[in-house]
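Next up, target22.txt (compact mmCIF, C-alpha atoms and all ligand atoms):
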```txt
# COMPACT_ATOMS: atom_id res chain seq x y z
CA MET A 1 287.88 -164.70 103.62
CA LEU A 2 285.86 -161.74 104.86
CA ARG A 3 282.12 -161.22 105.09
CA PHE A 4 280.17 -157.97 105.20
CA HIS A 5 276.86 -157.13 106.84
CA ASN A 6 275.91 -154.05 104.79
CA TYR A 7 277.23 -150.84 103.28
CA ASP A 8 276.25 -147.18 103.11
CA ILE A 9 277.41 -143.88 101.67
CA VAL A 10 278.65 -141.73 104.56
CA PHE A 11 280.19 -138.27 105.03
CA GLN A 12 281.64 -138.23 108.56
CA GLU A 13 283.89 -141.30 108.72
CA VAL A 14 286.60 -139.95 106.36
CA PRO A 15 287.04 -136.15 106.40
CA CYS A 16 286.76 -134.42 103.01
CA GLU A 17 285.57 -137.61 101.28
CA VAL A 18 282.25 -139.10 100.19
CA THR A 19 282.73 -142.63 101.36
CA LEU A 20 281.22 -145.99 100.61
CA ALA A 21 281.58 -147.65 104.03
CA ILE A 22 281.47 -151.44 104.07
CA ASN A 23 280.65 -152.97 107.46
CA ILE A 24 282.70 -156.15 107.79
CA SER A 25 281.50 -158.85 110.19
CA GLY A 26 283.48 -161.43 112.18
CA CYS A 27 285.16 -158.77 114.34
CA PRO A 28 287.53 -160.46 116.82
CA ASN A 29 288.08 -157.43 119.09
CA ALA A 30 285.23 -157.89 121.60
CA CYS A 31 285.40 -154.28 122.83
CA LYS A 32 283.36 -153.62 125.97
CA GLY A 33 280.43 -151.37 125.04
CA CYS A 34 280.71 -152.31 121.34
CA HIS A 35 278.41 -150.07 119.24
CA SER A 36 277.66 -152.87 116.75
CA PRO A 37 277.75 -156.24 118.55
CA HIS A 38 276.18 -158.03 115.58
CA LEU A 39 279.45 -157.38 113.70
CA MET A 40 281.20 -159.78 116.05
CA GLU A 41 279.23 -162.60 114.42
CA ASP A 42 280.41 -164.24 111.20
CA ILE A 43 277.42 -163.12 109.15
CA GLY A 44 276.65 -161.68 105.74
CA GLU A 45 277.87 -162.10 102.19
CA ILE A 46 281.44 -162.89 101.23
CA LEU A 47 283.40 -159.73 100.41
CA ASP A 48 285.55 -160.31 97.36
CA GLU A 49 286.66 -158.68 94.11
CA ASN A 50 283.38 -159.48 92.37
CA VAL A 51 281.34 -157.71 95.03
CA LEU A 52 283.69 -154.71 95.02
CA ALA A 53 283.58 -154.49 91.22
CA VAL A 54 279.77 -154.38 91.31
CA LEU A 55 279.79 -151.70 94.03
CA LEU A 56 282.36 -149.64 92.12
CA GLU A 57 280.33 -149.86 88.93
CA LYS A 58 277.23 -148.72 90.80
CA TYR A 59 278.69 -145.95 92.98
CA ARG A 60 281.96 -144.79 91.45
CA ASP A 61 280.49 -141.50 90.19
CA ALA A 62 279.00 -140.72 93.62
CA ILE A 63 281.94 -141.51 95.90
CA THR A 64 285.58 -140.55 96.35
CA CYS A 65 286.59 -143.24 98.85
CA VAL A 66 285.84 -146.81 99.93
CA CYS A 67 286.27 -147.58 103.63
CA PHE A 68 286.64 -151.06 105.08
CA MET A 69 284.94 -150.87 108.48
CA GLY A 70 286.61 -153.74 110.34
CA GLY A 71 288.33 -156.81 108.99
CA ASP A 72 290.78 -157.33 111.85
CA SER A 73 290.27 -161.09 111.60
CA ASN A 74 292.15 -161.02 108.29
CA PRO A 75 294.22 -157.84 107.71
CA GLN A 76 296.02 -159.35 104.72
CA GLU A 77 292.69 -159.79 102.96
CA VAL A 78 291.68 -156.17 103.68
CA GLU A 79 294.98 -155.05 102.17
CA ARG A 80 294.54 -157.31 99.17
CA LEU A 81 291.06 -155.91 98.47
CA SER A 82 292.34 -152.35 98.88
CA VAL A 83 295.00 -153.04 96.26
CA PHE A 84 292.29 -154.42 93.98
CA LEU A 85 290.34 -151.15 94.29
CA ARG A 86 293.44 -149.05 93.69
CA ASN A 87 294.27 -151.00 90.54
CA ALA A 88 290.73 -151.00 89.17
CA THR A 89 290.33 -149.27 85.84
CA GLY A 90 288.62 -145.89 85.65
CA ARG A 91 288.73 -142.98 88.08
CA ARG A 92 290.70 -143.97 91.17
CA VAL A 93 288.86 -144.00 94.46
CA LYS A 94 290.81 -143.61 97.67
CA THR A 95 290.75 -146.39 100.25
CA ALA A 96 290.45 -146.30 104.03
CA TRP A 97 290.53 -148.87 106.82
CA TYR A 98 288.88 -148.60 110.23
CA SER A 99 290.87 -151.07 112.30
CA GLY A 100 290.54 -151.84 116.00
CA ARG A 101 294.21 -152.74 116.21
CA ASN A 102 296.81 -150.50 117.79
CA THR A 103 299.54 -151.09 115.21
CA PHE A 104 299.82 -152.07 111.59
CA SER A 105 302.42 -153.47 109.24
CA ASP A 106 304.58 -151.50 106.79
CA SER A 107 302.57 -152.94 103.92
CA THR A 108 299.45 -151.27 105.30
CA LEU A 109 301.13 -147.88 104.92
CA GLN A 110 301.50 -148.53 101.22
CA THR A 111 297.98 -149.81 100.77
CA PHE A 112 295.58 -147.17 102.15
CA ASP A 113 295.02 -143.42 101.90
CA TYR A 114 293.53 -143.30 105.39
CA ILE A 115 293.62 -145.53 108.44
CA LYS A 116 291.93 -145.46 111.82
CA LEU A 117 293.67 -147.33 114.60
CA GLY A 118 292.75 -148.31 118.13
CA ALA A 119 290.25 -150.42 120.00
CA TYR A 120 287.04 -148.85 121.25
CA ILE A 121 287.40 -148.08 124.96
CA GLU A 122 284.06 -147.00 126.36
CA ALA A 123 285.51 -144.71 129.04
CA LEU A 124 287.60 -142.80 126.49
CA GLY A 125 285.05 -142.59 123.70
CA GLY A 126 285.29 -142.90 119.93
CA LEU A 127 287.03 -140.64 117.42
CA ASP A 128 284.69 -137.74 118.16
CA SER A 129 285.80 -137.66 121.81
CA PRO A 130 288.85 -135.49 122.70
CA THR A 131 289.84 -138.16 125.25
CA THR A 132 289.82 -140.98 122.73
CA ASN A 133 292.68 -143.46 122.43
CA GLN A 134 291.85 -143.95 118.74
CA ARG A 135 293.79 -142.21 115.98
CA PHE A 136 292.86 -141.35 112.42
CA TYR A 137 295.69 -140.88 109.92
CA ARG A 138 295.94 -139.58 106.39
CA ILE A 139 298.76 -141.46 104.62
CA GLU A 140 300.72 -139.05 102.44
CA GLY A 141 303.72 -140.40 100.54
CA GLY A 142 304.21 -143.13 103.14
CA ALA A 143 304.02 -140.65 106.05
CA MET A 144 301.25 -140.72 108.66
CA VAL A 145 299.55 -137.38 109.27
CA ASP A 146 297.34 -137.37 112.36
CA TRP A 147 293.89 -136.02 111.45
CA THR A 148 292.17 -137.12 114.66
CA GLU A 149 291.49 -133.57 115.82
CA ARG A 150 289.32 -133.00 112.77
CA PHE A 151 286.72 -135.24 114.41
CA TRP A 152 286.54 -132.95 117.46
CA LYS A 153 285.70 -129.74 115.64
CA ARG A 154 282.37 -130.77 114.19
S1 LIG B 1 286.20 -153.13 116.86
FE1 LIG B 1 284.15 -152.16 116.61
S2 LIG B 1 282.78 -153.83 115.95
FE2 LIG B 1 284.64 -154.78 116.81
S3 LIG B 1 284.12 -155.20 118.95
FE3 LIG B 1 285.18 -153.22 118.88
S4 LIG B 1 283.52 -151.68 118.74
FE4 LIG B 1 282.63 -153.68 118.20
```

In structure tokens, how does this file's structure come out?
Amino acid sequence: MLRFHNYDIVFQEVPCEVTLAINISGCPNACKGCHSPHLMEDIGEILDENVLAVLLEKYRDAITCVCFMGGDSNPQEVERLSVFLRNATGRRVKTAWYSGRNTFSDSTLQTFDYIKLGAYIEALGGLDSPTTNQRFYRIEGGAMVDWTERFWKR
């Protein structure tokens, strides 16, 4: 089970997409210098198919992508919910996952259009820092295309 704190429509987190970003709580990563320490607590509403169906109904015409921000406590559930979105009737929205992990399973490659990997290391900075350890990939036909540099040119 996953819980989420809030959501917002954003433009920077996934290049070339208008994204509904869902901030998932219960983060297990405990990064030093965490930008959102409240997300380490197990707070908020349960994130399930019913919630996603309501959000899709409300925002489908305004967005092109849904991004799961976190969810490392239960990657299988993030994948399951991504599959639900991909199989939903109507215009398909892309799916993205911002994970703090450094690796992911083969099934993840089949499940998302975009994925961000890597813990937040304060000294290296986030995706917008050229020294970052984090990587952002576009998944194209099962291949990972590194788009991280796109975050440095803004
Ligand atoms: S992954 Fe993000 S939310 Fe979780 S501890 Fe690290 S910086 Fe904070």

Using only C-alpha atoms, which residues sit within 6 Å of segment 99-116 of chain A once same-chain residues fewer than 4 positions away are excluded, as an mmCIF file with C-alpha atoms, keeping the file's coordinate frame?
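Wrote it out as part.cif, contents follow:
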```cif
data_model
loop_
_atom_site.group_PDB
_atom_site.id
_atom_site.type_symbol
_atom_site.label_atom_id
_atom_site.label_comp_id
_atom_site.auth_asym_id
_atom_site.auth_seq_id
_atom_site.Cartn_x
_atom_site.Cartn_y
_atom_site.Cartn_z
ATOM 1 C CA GLY A 70 286.610 -153.740 110.340
ATOM 2 C CA LYS A 94 290.810 -143.610 97.670
ATOM 3 C CA THR A 95 290.750 -146.390 100.250
ATOM 4 C CA ARG A 135 293.790 -142.210 115.980
ATOM 5 C CA PHE A 136 292.860 -141.350 112.420
ATOM 6 C CA TYR A 137 295.690 -140.880 109.920
ATOM 7 C CA ARG A 138 295.940 -139.580 106.390
ATOM 8 C CA ILE A 139 298.760 -141.460 104.620
ATOM 9 C CA GLY A 142 304.210 -143.130 103.140
#
```

(request) Please extract the residues at most 10 Å from ligand LIG 1 (chain B), counting all atoms listed in the file, and provide them as an MDAnalysis selection string, using the chain letters and residue numbers of this document. (result) chainID A and resid 23:41 69:73 98:101 117:122 126

(request) Taking (280.8, -141.7, 98.4) in the file's own coordinates, collect the residues within 9 Å, counting only C-alpha atoms, and hand them back as a ChimeraX atom specification. (result) /A:8-11,17-21,59-66

(message) I'd like the interatomic distance between atom CA of Thr131 of chain A and atom CA of Pro15 of chain A, to a tenth of an Å.
(response)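 Between these atoms lies a distance of 19.2 Å.
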
Find the axis-aligned box for segment 80-89 of chain A, covering all its listed atoms and adding 3 Å on each side, and write its centre and edge lengths in Å to one decimal as lines of an AutoDock Vina configuration file.
```
center_x = 292.7
center_y = -153.2
center_z = 92.5
size_x = 10.7
size_y = 14.3
size_z = 19.3
```

(message) What does the structure give for the distance between atom CA of Met144 of chain A and atom CA of Arg92 of chain A, in Å to one decimal?
(response) 20.7 Å

(message) Which residues are near segment 45-53 of chain A? Cut-off 6 Å, only C-alpha atoms, ignore same chain within fewer than 6 positions. Put them as a PyMOL selection string.
(response) chain A and resi 2-4
